[in-house]
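Working notes for the structure below.
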There are 2 protein chains.
Amino acid sequence: MAGTDGRTTGARYRRLAADLREAIASGAFGSDGRLPSEEQLAQQYGVSRGTVRQALSVLRANGLVTSRRGTRRVVLGTARTQSFMELMSFTLWARSLGEEPGGRTIDITRCTANPLEREQLGLAPGAEIYRVLRLRTLSRVPIMIERTIYVEHVGAMIAGLEPEAISHIEPLTEQGVVFADAEHTVDLVYADAEDAELLGCEEGAPLMRERRRATDPAGTPLEWSEDRYLPGTVSFTVHNSVASTALSRRRA
Amino acid sequence: MAGTDGRTTGARYRRLAADLREAIASGAFGSDGRLPSEEQLAQQYGVSRGTVRQALSVLRANGLVTSRRGTRRVVLGTARTQSFMELMSFTLWARSLGEEPGGRTIDITRCTANPLEREQLGLAPGAEIYRVLRLRTLSRVPIMIERTIYVEHVGAMIAGLEPEAISHIEPLTEQGVVFADAEHTVDLVYADAEDAELLGCEEGAPLMRERRRATDPAGTPLEWSEDRYLPGTVSFTVHNSVASTALSRRRA
DNA sequence: AAGTGGTCTAGACCACGTG
DNA sequence: ACGTGGTCTAGACCACTTA
């Protein structure tokens with residue numbers, strides 16, 4: 001519960017948030033889970049109240065602590081949310097589970113984007129894209145099929161990787177591609193012939209579908225992906241509050 | 001693009017956020033979608049830069065605008081996210097779609113919570129709960145079956161409603177029950193005999209499942225619900241960014 | 001009545017992107 | 001070099017909860 005250990009890089013409020021996250025996970029706030037007041041934390045950590053509030057707002061958005069006028073904050077639960085990159089990268093996600101990620105690239109093609117693809121990536125007529133088809137495994141068991149299209153300059157990097165490369169996103173990040181935002185949509189679809197063959201299920205079998213559009217910090221789309229999971233292999237969880245709503249329910 | 005019209009209640013930054021939301025929706029920021037600088041907005045609206053930033057952070061969390069050091073913010077899209085209550089209430093949601101919400105309460109029972117239910121609502125052994133089973137329709141077509149358990153004092157209010165009441169949450173809100181946070185988990189399940197009969201599908205047919213735990217501002221659980229949708233009727237969408245991650249992918 | 005978080009202000013410096 | 005958003009500070013007042 002010290003106030004001086006912990007990280008030394010990045011913004012103060014991020015380090016503080018990480019510290020508090022640890023303190024929460026280790027049960028440092030007692031059985032009732034009441035946090036110190038903002039003023040107390042500010043003094044303990046030698047920062048202003050504004051910085052404390054910035055740190056706490058992160059924890060609040062993650063559903064870790066309450067926040068209401070008049071009473072101290074209370075611990076709601078330990079960290080469940082994953083980092084943004086863990087959501088983008090099947091490989092990172094698998095590793096964080098302690099499972100062995102695998103993947104087989106079935107096909108990579110460079111071609112001219114069709115109208116639908118142009119809309120998904122916000123491209124002009126005639127733009128070139130890369131289409132990538134991969135089968136993903138968890139501890140050698142196929143669980144997901146991934147159909148992704150990349151804007152040209154990103155796809156070119158992917159095409160330069162070895163076919164056996166397990167992670168595609170890590171090399172991209174090393175080469176300076178920055179993913180900043182993503183929109184995920186989850187629904188239910190039925191396996192087509194290709195799905196069935198690759199996943200080893202019946203044609204017409206139900207699958208969980210996650211569609212995802214990822215952009216760079218400027219808002220420019222980088223990739224658009226449609227992932228199909230075998231039932232019983234994944235679920236998606238969202239935390240939502242009056243103050244910050246990220247989720248929406250749509251008519252199909 | 002005036003700065004003086006708009007709401008007159010609630011926090012300044014919320015009113016400002018609503019104003020900016022409208023301005024974005026009406027295309028007031030031109031074809032390139034570049035927003036004025038924070039300093040300019042502060043002067044236009046007669047507030048401090050801090051308040052402007054607070055308003056913009058709301059829009060950012062909703063995926064409406066970009067935000068990066070060095071450049072002005074840019075419009076990403078018009079509002080897609082729904083209010084927190086629209087997510088909690090099937091009735092509100094249906095109305096916002098312009099469709100007619102309907103519901104039939106199949107069963108309400110007061111009983112002692114079993115161990116699983118106690119864990120879901122964080123209750124002590126022996127606690128009483130209400131179990132509610134409802135069939136939900138959109139424009140008279142059944143699309144979802146809802147199995148909800150309520151803590152005792154909330155369930156008692158539900159039990160006092162007419163059986164034909166379309167909305168359960170609205171009366172609760174009027175009686176002072178405040179929903180503040182919720183955690184939603186989406187996956188795929190297969191219809192059991194009861195699902196099949198009520199939804200009019202085959203037993204074993206695939207359904208989209210949304211499980212939800214909702215709490216009051218103090219973090220005390222109020223309800224736990226398991227909703228099952230017919231395929232093709234809904235999808236769930238989440239916006240996610242490096243700065244604020246609410247979503248997580250789980251091994252089933 | 002006292003304590004706490006929510007809101008707002010005014011000002012400062014820095015890191016980054018662009019011209 | 002300049003403008004921009006990101007971070008941080010110090011202080012103020014208010015709304016709410018709790019005792």
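In the structure tokens, chains take letters A, B, ... by order of appearance, with residues numbered from 1 within each chain and ligands from 1 in the order shown.
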
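All residues of protein, DNA or RNA that reach within 9 Å of Thr51 (chain A), judged by only C-alpha atoms (C1' of nucleotides) and not counting those fewer than 6 positions away in the chain, are A:Arg12, A:Tyr13, A:Leu16, A:Ala42, D:DT7, D:DC8, D:DT9.
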
Please provide as a CSV table (one decimal) with all heavy atoms, in the first residue's frame all residues within 9 Å of Glu100 (chain A), with the sequence filter that same-chain residues fewer than 6 positions apart are discarded (counting only C-alpha atoms (C1' of nucleotides)).
chain,number,residue,atom,x,y,z
A,91,THR,N,-3.5,-13.5,-30.7
A,91,THR,CA,-2.3,-14.1,-30.1
A,91,THR,C,-2.0,-13.6,-28.7
A,91,THR,O,-1.8,-14.4,-27.8
A,91,THR,CB,-1.1,-13.7,-31.0
A,91,THR,OG1,-1.3,-14.2,-32.3
A,91,THR,CG2,0.2,-14.4,-30.4
A,94,ALA,N,-4.7,-15.1,-26.4
A,94,ALA,CA,-4.4,-16.5,-26.1
A,94,ALA,C,-3.3,-16.7,-25.0
A,94,ALA,O,-3.5,-17.4,-24.0
A,94,ALA,CB,-4.1,-17.3,-27.3
A,137,THR,N,-6.2,-21.3,-33.9
A,137,THR,CA,-6.3,-22.4,-33.0
A,137,THR,C,-5.9,-22.0,-31.6
A,137,THR,O,-5.1,-21.1,-31.4
A,137,THR,CB,-5.5,-23.6,-33.5
A,137,THR,OG1,-4.1,-23.2,-33.5
A,137,THR,CG2,-5.9,-24.1,-34.8
A,138,LEU,N,-6.5,-22.7,-30.6
A,138,LEU,CA,-6.1,-22.5,-29.2
A,138,LEU,C,-5.7,-23.8,-28.8
A,138,LEU,O,-6.5,-24.8,-28.7
A,138,LEU,CB,-7.4,-22.0,-28.4
A,138,LEU,CG,-7.2,-20.9,-27.4
A,138,LEU,CD1,-6.3,-19.8,-27.8
A,138,LEU,CD2,-8.5,-20.4,-26.9
A,139,SER,N,-4.4,-23.9,-28.4
A,139,SER,CA,-3.8,-25.2,-28.0
A,139,SER,C,-4.1,-26.3,-29.1
A,139,SER,O,-4.6,-27.4,-28.7
A,139,SER,CB,-4.3,-25.6,-26.6
A,139,SER,OG,-4.0,-24.6,-25.7
A,140,ARG,N,-3.9,-25.9,-30.3
A,140,ARG,CA,-4.0,-26.8,-31.5
A,140,ARG,C,-5.4,-27.1,-31.9
A,140,ARG,O,-5.7,-27.8,-32.9
A,140,ARG,CB,-3.3,-28.1,-31.2
A,140,ARG,CG,-1.7,-27.9,-31.2
A,140,ARG,CD,-1.0,-29.2,-31.3
A,140,ARG,NE,0.4,-28.9,-31.2
A,140,ARG,CZ,1.1,-28.6,-30.0
A,140,ARG,NH1,0.3,-28.5,-28.9
A,140,ARG,NH2,2.3,-28.3,-30.0

Query raised in the report: Counting only C-alpha atoms (C1' of nucleotides), which residues of chain D come no farther than 12 Å from chain A, as a list in words?
Result: DG6, DT7, DC8, DT9, DA10, DG11, DC14, DA15, DC16, DT17 and DT18 of chain D

Requested in this report: Mind listing the helix (DSSP H, G or I) residues of region 147-199 of chain B, per DSSP on the backbone, as a PyMOL selection string?
Outcome: chain B and resi 152-159+169-174+193-199

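The gap separating CA of Leu97 (chain A) from CA of Thr78 (chain A) is 16.4 Å, in Å to one decimal.
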
Contact table chain B vs chain A, cut-off 6 Å, shortest pair per residue, only C-alpha atoms, as CSV:
residue,atom,partner,partner_atom,distance
B:Asn62,CA,A:Ala246,CA,5.8
B:Thr81,CA,A:Ser248,CA,5.3
B:Gln82,CA,A:Ser248,CA,5.5
B:Phe84,CA,A:Val242,CA,5.3
B:Ala180,CA,A:Val242,CA,5.4
B:Asp181,CA,A:Ser241,CA,4.2
B:Ala182,CA,A:Asn240,CA,5.3
B:Glu183,CA,A:His239,CA,4.5
B:His184,CA,A:Val238,CA,5.2
B:Thr185,CA,A:Thr237,CA,4.2
B:Val186,CA,A:Phe236,CA,5.2
B:Asp187,CA,A:Ser235,CA,4.8
B:Gly232,CA,A:Ala252,CA,5.5
B:Thr233,CA,A:Ala252,CA,4.9
B:Val234,CA,A:Ala252,CA,4.5
B:Ser235,CA,A:Asp187,CA,4.8
B:Phe236,CA,A:Arg249,CA,4.7
B:Thr237,CA,A:Thr185,CA,4.2
B:Val238,CA,A:Leu247,CA,4.5
B:His239,CA,A:Glu183,CA,4.5
B:Asn240,CA,A:Ala182,CA,5.3
B:Ser241,CA,A:Asp181,CA,4.2
B:Val242,CA,A:Phe84,CA,5.4
B:Ala246,CA,A:His239,CA,5.3
B:Leu247,CA,A:Val238,CA,4.5
B:Ser248,CA,A:Thr237,CA,5.2
B:Arg249,CA,A:Phe236,CA,4.7
B:Arg250,CA,A:Ser235,CA,5.1
B:Arg251,CA,A:Val234,CA,4.5
B:Ala252,CA,A:Val234,CA,4.5

For N, CA, C and O atoms, I'd like the residues from the last selection saved as a CSV table (one decimal), in the first residue's frame.
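File result-v6.csv, as written:
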chain,number,residue,atom,x,y,z
B,62,ASN,N,-17.5,7.8,-26.7
B,62,ASN,CA,-18.6,7.3,-27.5
B,62,ASN,C,-18.1,7.0,-29.0
B,62,ASN,O,-18.9,6.6,-29.8
B,81,THR,N,-24.2,5.3,-30.2
B,81,THR,CA,-24.4,4.6,-28.9
B,81,THR,C,-25.7,5.1,-28.3
B,81,THR,O,-26.2,6.1,-28.5
B,82,GLN,N,-26.3,4.2,-27.5
B,82,GLN,CA,-27.6,4.5,-26.8
B,82,GLN,C,-27.3,4.8,-25.4
B,82,GLN,O,-26.3,4.6,-24.8
B,84,PHE,N,-27.7,4.6,-21.4
B,84,PHE,CA,-27.6,3.5,-20.4
B,84,PHE,C,-29.0,2.9,-20.2
B,84,PHE,O,-29.2,1.7,-20.3
B,180,ALA,N,-27.3,2.1,-12.0
B,180,ALA,CA,-26.1,2.9,-12.3
B,180,ALA,C,-25.1,2.2,-13.1
B,180,ALA,O,-24.4,2.8,-14.0
B,181,ASP,N,-24.9,0.9,-12.9
B,181,ASP,CA,-23.9,0.2,-13.7
B,181,ASP,C,-24.4,-1.2,-14.1
B,181,ASP,O,-25.3,-1.7,-13.5
B,182,ALA,N,-23.9,-1.7,-15.2
B,182,ALA,CA,-24.3,-3.1,-15.6
B,182,ALA,C,-23.1,-3.7,-16.3
B,182,ALA,O,-22.3,-3.1,-16.9
B,183,GLU,N,-23.1,-5.1,-16.2
B,183,GLU,CA,-22.1,-5.8,-16.9
B,183,GLU,C,-22.9,-6.8,-17.8
B,183,GLU,O,-23.7,-7.5,-17.3
B,184,HIS,N,-22.6,-6.8,-19.1
B,184,HIS,CA,-23.3,-7.6,-20.1
B,184,HIS,C,-22.4,-8.6,-20.7
B,184,HIS,O,-21.2,-8.3,-21.1
B,185,THR,N,-22.8,-9.9,-20.8
B,185,THR,CA,-22.0,-10.9,-21.4
B,185,THR,C,-22.9,-11.5,-22.5
B,185,THR,O,-24.0,-11.9,-22.3
B,186,VAL,N,-22.3,-11.6,-23.7
B,186,VAL,CA,-23.0,-12.2,-24.9
B,186,VAL,C,-22.3,-13.4,-25.3
B,186,VAL,O,-21.1,-13.5,-25.5
B,187,ASP,N,-23.1,-14.5,-25.5
B,187,ASP,CA,-22.6,-15.7,-26.1
B,187,ASP,C,-23.8,-16.4,-26.8
B,187,ASP,O,-24.9,-15.9,-27.1
B,232,GLY,N,-30.9,-13.4,-35.7
B,232,GLY,CA,-31.3,-12.4,-36.7
B,232,GLY,C,-32.1,-11.3,-36.2
B,232,GLY,O,-32.6,-10.4,-37.0
B,233,THR,N,-32.4,-11.2,-34.9
B,233,THR,CA,-33.2,-10.1,-34.4
B,233,THR,C,-32.4,-9.0,-33.8
B,233,THR,O,-32.8,-7.8,-33.8
B,234,VAL,N,-31.2,-9.3,-33.2
B,234,VAL,CA,-30.4,-8.3,-32.6
B,234,VAL,C,-28.9,-8.5,-32.8
B,234,VAL,O,-28.5,-9.6,-33.1
B,235,SER,N,-28.1,-7.4,-32.7
B,235,SER,CA,-26.7,-7.6,-32.6
B,235,SER,C,-26.2,-6.6,-31.5
B,235,SER,O,-27.0,-5.6,-31.2
B,236,PHE,N,-25.1,-6.8,-31.0
B,236,PHE,CA,-24.5,-5.9,-29.9
B,236,PHE,C,-23.3,-5.3,-30.4
B,236,PHE,O,-22.4,-6.0,-31.0
B,237,THR,N,-23.2,-3.9,-30.2
B,237,THR,CA,-22.0,-3.2,-30.7
B,237,THR,C,-21.3,-2.5,-29.6
B,237,THR,O,-22.0,-1.9,-28.8
B,238,VAL,N,-20.0,-2.5,-29.6
B,238,VAL,CA,-19.2,-1.8,-28.6
B,238,VAL,C,-18.1,-1.0,-29.2
B,238,VAL,O,-17.5,-1.4,-30.2
B,239,HIS,N,-18.0,0.3,-28.7
B,239,HIS,CA,-16.8,1.1,-29.1
B,239,HIS,C,-15.8,1.0,-28.1
B,239,HIS,O,-16.0,1.0,-26.9
B,240,ASN,N,-14.5,0.9,-28.5
B,240,ASN,CA,-13.4,0.6,-27.7
B,240,ASN,C,-12.2,1.5,-28.1
B,240,ASN,O,-12.0,1.6,-29.3
B,241,SER,N,-11.4,2.0,-27.2
B,241,SER,CA,-10.2,2.7,-27.6
B,241,SER,C,-9.1,2.4,-26.7
B,241,SER,O,-9.3,1.8,-25.6
B,242,VAL,N,-7.9,2.8,-27.1
B,242,VAL,CA,-6.7,2.6,-26.2
B,242,VAL,C,-7.0,3.2,-24.9
B,242,VAL,O,-6.6,2.6,-23.9
B,246,ALA,N,-13.7,-1.1,-22.3
B,246,ALA,CA,-14.8,-1.7,-21.5
B,246,ALA,C,-15.1,-3.1,-21.9
B,246,ALA,O,-15.7,-3.8,-21.2
B,247,LEU,N,-14.6,-3.5,-23.1
B,247,LEU,CA,-14.9,-4.8,-23.6
B,247,LEU,C,-13.8,-5.9,-23.2
B,247,LEU,O,-12.7,-5.5,-23.1
B,248,SER,N,-14.3,-7.1,-23.0
B,248,SER,CA,-13.3,-8.2,-22.9
B,248,SER,C,-13.8,-9.4,-23.6
B,248,SER,O,-15.0,-9.7,-23.6
B,249,ARG,N,-12.9,-10.2,-24.1
B,249,ARG,CA,-13.2,-11.5,-24.7
B,249,ARG,C,-12.8,-12.6,-23.8
B,249,ARG,O,-11.8,-12.6,-23.2
B,250,ARG,N,-13.7,-13.5,-23.5
B,250,ARG,CA,-13.5,-14.6,-22.6
B,250,ARG,C,-13.6,-15.9,-23.2
B,250,ARG,O,-14.3,-16.2,-24.1
B,251,ARG,N,-12.8,-16.8,-22.6
B,251,ARG,CA,-12.9,-18.2,-22.9
B,251,ARG,C,-14.2,-18.7,-22.3
B,251,ARG,O,-14.5,-18.5,-21.2
B,252,ALA,N,-15.0,-19.4,-23.1
B,252,ALA,CA,-16.3,-19.9,-22.6
B,252,ALA,C,-16.1,-21.0,-21.6
B,252,ALA,O,-15.1,-21.7,-21.5

Pull out every residue of chain C sitting within 9 Å of chain A, counting only C-alpha atoms (C1' of nucleotides), and send them as a PDB file with N, CA and C atoms (P, O5', C5', C4', C3', O3' and C1' of nucleotides), in the first residue's frame.
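See iface-v2.pdb below for the written result:
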ATOM      1  P    DG C   3     -14.834  16.728   9.322  1.00  0.00           P
ATOM      2  O5'  DG C   3     -15.087  15.775   8.076  1.00  0.00           O
ATOM      3  C5'  DG C   3     -15.639  14.485   8.306  1.00  0.00           C
ATOM      4  C4'  DG C   3     -16.008  13.856   6.983  1.00  0.00           C
ATOM      5  C3'  DG C   3     -14.910  13.947   5.914  1.00  0.00           C
ATOM      6  O3'  DG C   3     -14.779  12.670   5.343  1.00  0.00           O
ATOM      7  C1'  DG C   3     -16.951  14.767   5.058  1.00  0.00           C
ATOM      8  P    DT C   4     -13.597  12.336   4.304  1.00  0.00           P
ATOM      9  O5'  DT C   4     -14.372  12.258   2.929  1.00  0.00           O
ATOM     10  C5'  DT C   4     -15.408  11.281   2.755  1.00  0.00           C
ATOM     11  C4'  DT C   4     -16.078  11.551   1.442  1.00  0.00           C
ATOM     12  C3'  DT C   4     -15.105  11.784   0.287  1.00  0.00           C
ATOM     13  O3'  DT C   4     -15.101  10.672  -0.577  1.00  0.00           O
ATOM     14  C1'  DT C   4     -16.924  13.362   0.303  1.00  0.00           C
ATOM     15  P    DG C   5     -14.042  10.693  -1.800  1.00  0.00           P
ATOM     16  O5'  DG C   5     -14.988  11.109  -3.004  1.00  0.00           O
ATOM     17  C5'  DG C   5     -16.055  10.264  -3.375  1.00  0.00           C
ATOM     18  C4'  DG C   5     -17.039  11.019  -4.241  1.00  0.00           C
ATOM     19  C3'  DG C   5     -16.560  11.328  -5.659  1.00  0.00           C
ATOM     20  O3'  DG C   5     -17.668  11.193  -6.529  1.00  0.00           O
ATOM     21  C1'  DG C   5     -17.088  13.331  -4.564  1.00  0.00           C
ATOM     22  P    DG C   6     -17.532  11.543  -8.087  1.00  0.00           P
ATOM     23  O5'  DG C   6     -18.223  12.987  -8.176  1.00  0.00           O
ATOM     24  C5'  DG C   6     -19.640  13.078  -8.211  1.00  0.00           C
ATOM     25  C4'  DG C   6     -20.061  14.419  -8.787  1.00  0.00           C
ATOM     26  C3'  DG C   6     -19.469  14.708 -10.162  1.00  0.00           C
ATOM     27  O3'  DG C   6     -20.483  15.349 -10.952  1.00  0.00           O
ATOM     28  C1'  DG C   6     -18.839  16.402  -8.657  1.00  0.00           C
TER      29       DG C   6
END
